[in-house]
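**Q** Have a look at this one before I ask anything.
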Amino acid sequence: MTKIKISLFLITFFTFIPNILKGQDKAINFDGSNDYILIPDNNQLDLINNYTLEAWIFPDTFNWLGGILSKYQSSGANGYTLRLTDQSPYSGLGFDEKTTNTGVLNSNQWHHIAAVNNQGVRSIYIDGTEFNLSGS
C-alpha cells in the first residue's frame, strides 16, 4: 500500500505543480469599459448589521468611483458599496459612504481589501493593515 500511495503522490505532484509554477492568471480581467458581473438579487445578499466584503484587486489605472463590489439601488436602499474614491487621484477606497485618504493603493499591484461593518461601525483593511475612514 505504501508504494501505491507514494506513486500516486508523485504522479499528482509532477502533474499539477508545473501548472502552478507557470503562474497562470485565473483572475477576471476587466478592461475598464462597462465591466461588471451581475448576480441576481437574493435575500441572503441583504447585508445590514454585521458583514465583511472582501476582494483581491489589481488596478492598472484609477478611475473616479471605480466599483469593486456593491448592492446599491438608491440612497434609501439597504445596500453596500466598496469602490475607489471620488477624490483625485482616486487611489483611495470608499466603503458605505466613508472614505480612506487617497494614495493607499498602488497601480499594477495586487491588494487584498476587507471592508467590515460591525453593528454600524465601519473598518477597512488593505493588505492586512487597517486604514482610517472618514465621512458620514
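In the C-alpha cells, each chain is lettered A, B, ... as it comes, each chain's residues begin at 1, and ligands are numbered from 1 in order of appearance.
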Please identify which residues in segment 24-104 of chain A DSSP calls strand (DSSP E) from the backbone, and express them as a ChimeraX atom specification.

**A** /A:50-57,67-71,80-84,93-95,98-99

**Q** If DSSP is run on the backbone, what residues of segment 21-111 of chain A are helix (DSSP H, G or I)? A reply as number ranges by chain would be ideal.

**A** A: 21, 43-45

**Q** Could you tell me how far atom CA of Ser123 of chain A lies from atom CA of Asn101 of chain A, in Å and to one decimal?

**A**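 Rounded to one decimal, the two atoms are 13.5 Å apart.
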
**Q** Compile the contact shell of Phe62 of chain A as a ChimeraX atom specification: residues with an atom at most 9 Å away, counting only C-alpha atoms, same-chain residues fewer than 3 positions apart removed.

**A** /A:59,65-66,84,88-91,107

**Q** Write to file, as a PDB file, in the first residue's frame, the residues of the selection just made, with C-alpha atoms.

**A**
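Dumped to part-v6.pdb:
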```pdb
ATOM      1  CA  PRO A  59      -5.791  48.183 -10.548  1.00  0.00           C
ATOM      2  CA  LEU A  65     -15.730  55.830  -8.293  1.00  0.00           C
ATOM      3  CA  GLY A  66     -14.378  52.636  -9.864  1.00  0.00           C
ATOM      4  CA  LEU A  84     -12.499  53.711  -5.436  1.00  0.00           C
ATOM      5  CA  SER A  88      -8.465  62.593  -7.414  1.00  0.00           C
ATOM      6  CA  PRO A  89      -6.181  60.673  -7.997  1.00  0.00           C
ATOM      7  CA  TYR A  90      -8.856  58.060  -6.997  1.00  0.00           C
ATOM      8  CA  SER A  91      -6.294  55.779  -5.319  1.00  0.00           C
ATOM      9  CA  SER A 107      -1.295  50.546  -9.518  1.00  0.00           C
TER      10      SER A 107
END
```

**Q** Pick the closest to Ser33 of chain A from A:Trp110, A:Gly94, A:Gly135, A:Asn63: which is it, counting only C-alpha atoms?

**A**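 For Ser33 of chain A, the nearest of the candidates is A:Asn63.
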
**Q** In Å to one decimal, how far is atom CA of Gln109 of chain A from atom CA of Val121 of chain A?

**A** 28.4 Å

**Q** What's around Trp56 of chain A at 10 Å? Count only C-alpha atoms, leave out sequence neighbours fewer than 6 positions away in its own chain, and write the answer as a compact mmCIF listing (two decimals) with all heavy atoms, in the first residue's frame.

**A**
```
# COMPACT_ATOMS: atom_id res chain seq x y z
N ALA A 27 -7.59 35.28 -12.64
CA ALA A 27 -8.46 36.38 -12.23
C ALA A 27 -9.33 36.82 -13.40
O ALA A 27 -9.00 36.59 -14.56
CB ALA A 27 -7.61 37.55 -11.76
N ILE A 68 -15.94 48.14 -7.06
CA ILE A 68 -15.32 46.87 -6.72
C ILE A 68 -16.41 45.86 -6.39
O ILE A 68 -16.50 44.80 -6.98
CB ILE A 68 -14.33 47.03 -5.55
CG1 ILE A 68 -13.20 47.98 -5.95
CG2 ILE A 68 -13.77 45.67 -5.13
CD1 ILE A 68 -12.29 48.39 -4.81
N TRP A 110 -1.26 43.67 -6.73
CA TRP A 110 -2.41 43.04 -6.08
C TRP A 110 -2.59 43.62 -4.69
O TRP A 110 -1.63 43.84 -3.96
CB TRP A 110 -2.20 41.53 -5.97
CG TRP A 110 -2.47 40.81 -7.25
CD1 TRP A 110 -1.54 40.29 -8.11
CD2 TRP A 110 -3.75 40.52 -7.82
NE1 TRP A 110 -2.17 39.71 -9.17
CE2 TRP A 110 -3.53 39.83 -9.02
CE3 TRP A 110 -5.06 40.78 -7.42
CZ2 TRP A 110 -4.57 39.39 -9.84
CZ3 TRP A 110 -6.09 40.34 -8.25
CH2 TRP A 110 -5.84 39.66 -9.43
N HIS A 111 -3.86 43.86 -4.33
CA HIS A 111 -4.23 44.31 -2.99
C HIS A 111 -5.39 43.46 -2.50
O HIS A 111 -6.34 43.21 -3.24
CB HIS A 111 -4.69 45.78 -3.00
CG HIS A 111 -3.62 46.75 -3.32
ND1 HIS A 111 -2.63 47.11 -2.42
CD2 HIS A 111 -3.38 47.45 -4.46
CE1 HIS A 111 -1.84 48.00 -2.99
NE2 HIS A 111 -2.26 48.22 -4.22
N HIS A 112 -5.31 43.05 -1.23
CA HIS A 112 -6.43 42.37 -0.60
C HIS A 112 -7.19 43.41 0.21
O HIS A 112 -6.62 44.10 1.06
CB HIS A 112 -5.96 41.24 0.32
CG HIS A 112 -7.10 40.58 1.03
ND1 HIS A 112 -7.41 40.85 2.34
CD2 HIS A 112 -8.02 39.68 0.60
CE1 HIS A 112 -8.47 40.14 2.68
NE2 HIS A 112 -8.86 39.41 1.65
N ILE A 113 -8.49 43.53 -0.07
CA ILE A 113 -9.33 44.51 0.60
C ILE A 113 -10.35 43.75 1.46
O ILE A 113 -11.00 42.82 0.98
CB ILE A 113 -10.11 45.37 -0.43
CG1 ILE A 113 -9.19 45.94 -1.51
CG2 ILE A 113 -10.91 46.46 0.28
CD1 ILE A 113 -8.09 46.82 -1.01
N ALA A 114 -10.48 44.16 2.71
CA ALA A 114 -11.53 43.64 3.59
C ALA A 114 -12.23 44.83 4.22
O ALA A 114 -11.61 45.63 4.92
CB ALA A 114 -10.93 42.73 4.67
N ILE A 126 -6.45 47.05 4.14
CA ILE A 126 -5.79 46.89 2.84
C ILE A 126 -4.51 46.12 3.09
O ILE A 126 -3.65 46.57 3.86
CB ILE A 126 -5.50 48.25 2.18
CG1 ILE A 126 -6.79 49.05 2.03
CG2 ILE A 126 -4.81 48.05 0.83
CD1 ILE A 126 -6.58 50.49 1.63
N ASP A 127 -4.42 44.95 2.50
CA ASP A 127 -3.26 44.09 2.68
C ASP A 127 -2.97 43.83 4.16
O ASP A 127 -1.83 43.83 4.61
CB ASP A 127 -2.03 44.65 1.97
CG ASP A 127 -2.27 44.84 0.49
OD1 ASP A 127 -2.95 43.99 -0.11
OD2 ASP A 127 -1.78 45.83 -0.08
```

**Q** Excluding segment 35-44 of chain A and any residue of its chain fewer than 2 positions from it, enumerate the residues within 9 Å of it, using only C-alpha atoms, and give them as a VMD selection string.

**A** chain A and resid 30 to 33 46 to 47 67 to 68 71

**Q** Those same residues, written as an mmCIF file, in the first residue's frame with all heavy atoms?

**A**
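Contents of again-v9.cif, freshly written:
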```cif
data_model
loop_
_atom_site.group_PDB
_atom_site.id
_atom_site.type_symbol
_atom_site.label_atom_id
_atom_site.label_comp_id
_atom_site.auth_asym_id
_atom_site.auth_seq_id
_atom_site.Cartn_x
_atom_site.Cartn_y
_atom_site.Cartn_z
ATOM 1 N N PHE A 30 -10.928 42.919 -16.247
ATOM 2 C CA PHE A 30 -11.828 43.933 -16.766
ATOM 3 C C PHE A 30 -11.008 44.981 -17.501
ATOM 4 O O PHE A 30 -9.957 45.390 -17.036
ATOM 5 C CB PHE A 30 -12.599 44.601 -15.627
ATOM 6 C CG PHE A 30 -13.524 43.670 -14.901
ATOM 7 C CD1 PHE A 30 -13.280 43.316 -13.592
ATOM 8 C CD2 PHE A 30 -14.649 43.155 -15.522
ATOM 9 C CE1 PHE A 30 -14.138 42.469 -12.906
ATOM 10 C CE2 PHE A 30 -15.516 42.307 -14.854
ATOM 11 C CZ PHE A 30 -15.263 41.965 -13.541
ATOM 12 N N ASP A 31 -11.518 45.431 -18.648
ATOM 13 C CA ASP A 31 -10.782 46.423 -19.426
ATOM 14 C C ASP A 31 -11.154 47.856 -19.067
ATOM 15 O O ASP A 31 -10.627 48.803 -19.625
ATOM 16 C CB ASP A 31 -10.975 46.193 -20.922
ATOM 17 C CG ASP A 31 -12.403 46.408 -21.391
ATOM 18 O OD1 ASP A 31 -13.253 46.869 -20.595
ATOM 19 O OD2 ASP A 31 -12.683 46.114 -22.573
ATOM 20 N N GLY A 32 -12.085 48.047 -18.132
ATOM 21 C CA GLY A 32 -12.437 49.381 -17.669
ATOM 22 C C GLY A 32 -13.588 50.021 -18.404
ATOM 23 O O GLY A 32 -13.943 51.155 -18.142
ATOM 24 N N SER A 33 -14.212 49.299 -19.317
ATOM 25 C CA SER A 33 -15.324 49.860 -20.067
ATOM 26 C C SER A 33 -16.571 49.000 -19.866
ATOM 27 O O SER A 33 -16.679 47.906 -20.436
ATOM 28 C CB SER A 33 -14.960 49.925 -21.552
ATOM 29 O OG SER A 33 -16.051 50.408 -22.301
ATOM 30 N N ASP A 46 -28.862 40.627 1.395
ATOM 31 C CA ASP A 46 -29.272 41.830 2.126
ATOM 32 C C ASP A 46 -28.472 41.916 3.416
ATOM 33 O O ASP A 46 -28.930 41.521 4.484
ATOM 34 C CB ASP A 46 -30.775 41.795 2.429
ATOM 35 C CG ASP A 46 -31.608 41.919 1.169
ATOM 36 O OD1 ASP A 46 -31.070 42.355 0.136
ATOM 37 O OD2 ASP A 46 -32.801 41.572 1.232
ATOM 38 N N LEU A 47 -27.282 42.441 3.328
ATOM 39 C CA LEU A 47 -26.394 42.551 4.483
ATOM 40 C C LEU A 47 -26.649 43.883 5.167
ATOM 41 O O LEU A 47 -26.587 44.933 4.522
ATOM 42 C CB LEU A 47 -24.940 42.454 4.024
ATOM 43 C CG LEU A 47 -24.614 41.265 3.117
ATOM 44 C CD1 LEU A 47 -23.164 41.331 2.663
ATOM 45 C CD2 LEU A 47 -24.916 39.951 3.804
ATOM 46 N N GLY A 67 -15.973 50.893 -9.351
ATOM 47 C CA GLY A 67 -16.658 49.932 -8.498
ATOM 48 C C GLY A 67 -15.861 48.671 -8.264
ATOM 49 O O GLY A 67 -15.167 48.185 -9.154
ATOM 50 N N ILE A 68 -15.945 48.144 -7.059
ATOM 51 C CA ILE A 68 -15.324 46.868 -6.717
ATOM 52 C C ILE A 68 -16.413 45.857 -6.387
ATOM 53 O O ILE A 68 -16.496 44.800 -6.981
ATOM 54 C CB ILE A 68 -14.331 47.031 -5.550
ATOM 55 C CG1 ILE A 68 -13.200 47.977 -5.954
ATOM 56 C CG2 ILE A 68 -13.773 45.666 -5.134
ATOM 57 C CD1 ILE A 68 -12.293 48.392 -4.807
ATOM 58 N N LYS A 71 -24.077 46.409 -3.709
ATOM 59 C CA LYS A 71 -25.501 46.120 -3.856
ATOM 60 C C LYS A 71 -26.172 47.411 -3.446
ATOM 61 O O LYS A 71 -26.338 47.702 -2.265
ATOM 62 C CB LYS A 71 -25.968 44.981 -2.977
ATOM 63 C CG LYS A 71 -27.452 44.708 -3.174
ATOM 64 C CD LYS A 71 -27.981 43.616 -2.296
ATOM 65 C CE LYS A 71 -29.449 43.452 -2.656
ATOM 66 N NZ LYS A 71 -30.157 42.681 -1.657
#
```

**Q** For atom CA of Asn29 of chain A and atom CA of Thr61 of chain A, quote the distance in Å rounded to one decimal.

**A** 13.0 Å

**Q** Check the smallest atom-to-atom distance from each of A:Tyr51, A:Thr81, A:Thr102, A:Ser134 to Gln119 of chain A using only C-alpha atoms, then report the winner.

**A**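 Checking each of A:Tyr51, A:Thr81, A:Thr102, A:Ser134 against Gln119 of chain A, counting only C-alpha atoms, the winner is A:Tyr51.
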
**Q** Which residues come within 12 Å of Asn49 of chain A, counting only C-alpha atoms, excluding same-chain residues fewer than 6 positions away, as an mmCIF file with N, CA and C atoms, in the first residue's frame?

**A**
```cif
data_model
loop_
_atom_site.group_PDB
_atom_site.id
_atom_site.type_symbol
_atom_site.label_atom_id
_atom_site.label_comp_id
_atom_site.auth_asym_id
_atom_site.auth_seq_id
_atom_site.Cartn_x
_atom_site.Cartn_y
_atom_site.Cartn_z
ATOM 1 N N ASN A 78 -31.140 49.533 1.519
ATOM 2 C CA ASN A 78 -30.200 48.879 2.431
ATOM 3 C C ASN A 78 -29.163 48.145 1.596
ATOM 4 N N GLY A 79 -28.255 48.889 1.047
ATOM 5 C CA GLY A 79 -27.225 48.314 0.206
ATOM 6 C C GLY A 79 -25.853 48.553 0.793
ATOM 7 N N TYR A 80 -24.843 48.238 0.011
ATOM 8 C CA TYR A 80 -23.466 48.435 0.445
ATOM 9 C C TYR A 80 -22.618 48.698 -0.784
ATOM 10 N N VAL A 116 -15.295 45.911 6.708
ATOM 11 C CA VAL A 116 -16.063 45.291 7.784
ATOM 12 C C VAL A 116 -17.101 46.269 8.328
ATOM 13 N N ASN A 117 -18.323 45.796 8.450
ATOM 14 C CA ASN A 117 -19.381 46.541 9.135
ATOM 15 C C ASN A 117 -19.739 45.724 10.367
ATOM 16 N N ASN A 118 -19.409 46.249 11.540
ATOM 17 C CA ASN A 118 -19.704 45.581 12.802
ATOM 18 C C ASN A 118 -20.699 46.448 13.569
ATOM 19 N N GLN A 119 -21.993 46.120 13.449
ATOM 20 C CA GLN A 119 -23.061 46.883 14.104
ATOM 21 C C GLN A 119 -23.012 48.369 13.733
ATOM 22 N N GLY A 120 -22.707 48.669 12.484
ATOM 23 C CA GLY A 120 -22.670 50.049 12.013
ATOM 24 C C GLY A 120 -21.312 50.718 12.119
ATOM 25 N N VAL A 121 -20.364 50.098 12.805
ATOM 26 C CA VAL A 121 -19.007 50.639 12.884
ATOM 27 C C VAL A 121 -18.215 50.070 11.708
ATOM 28 N N ARG A 122 -17.751 50.952 10.820
ATOM 29 C CA ARG A 122 -17.059 50.518 9.611
ATOM 30 C C ARG A 122 -15.551 50.525 9.813
#
```

**Q** Pick out the residues sitting within 6 Å of Leu133 of chain A, and hand them over as a list of chain:residue names; count only C-alpha atoms, and ignore anything fewer than 4 positions along from it in its own chain.

**A**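 Here the qualifying residues turn out to be A:Lys98, A:Thr99, A:Thr100.
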
**Q** Write the residues of the selection above to a file with N, CA, C and O atoms, as a PDB file, in the first residue's frame.

**A**
```pdb
ATOM      1  N   LYS A  98     -18.176  56.122   3.499  1.00  0.00           N
ATOM      2  CA  LYS A  98     -16.981  56.551   4.238  1.00  0.00           C
ATOM      3  C   LYS A  98     -15.787  56.313   3.321  1.00  0.00           C
ATOM      4  O   LYS A  98     -15.814  55.435   2.475  1.00  0.00           O
ATOM      5  N   THR A  99     -14.721  57.119   3.499  1.00  0.00           N
ATOM      6  CA  THR A  99     -13.584  57.001   2.581  1.00  0.00           C
ATOM      7  C   THR A  99     -12.247  57.004   3.317  1.00  0.00           C
ATOM      8  O   THR A  99     -12.122  57.562   4.406  1.00  0.00           O
ATOM      9  N   THR A 100     -11.276  56.400   2.666  1.00  0.00           N
ATOM     10  CA  THR A 100      -9.890  56.497   3.121  1.00  0.00           C
ATOM     11  C   THR A 100      -9.268  57.715   2.448  1.00  0.00           C
ATOM     12  O   THR A 100      -9.874  58.328   1.571  1.00  0.00           O
TER      13      THR A 100
END
```
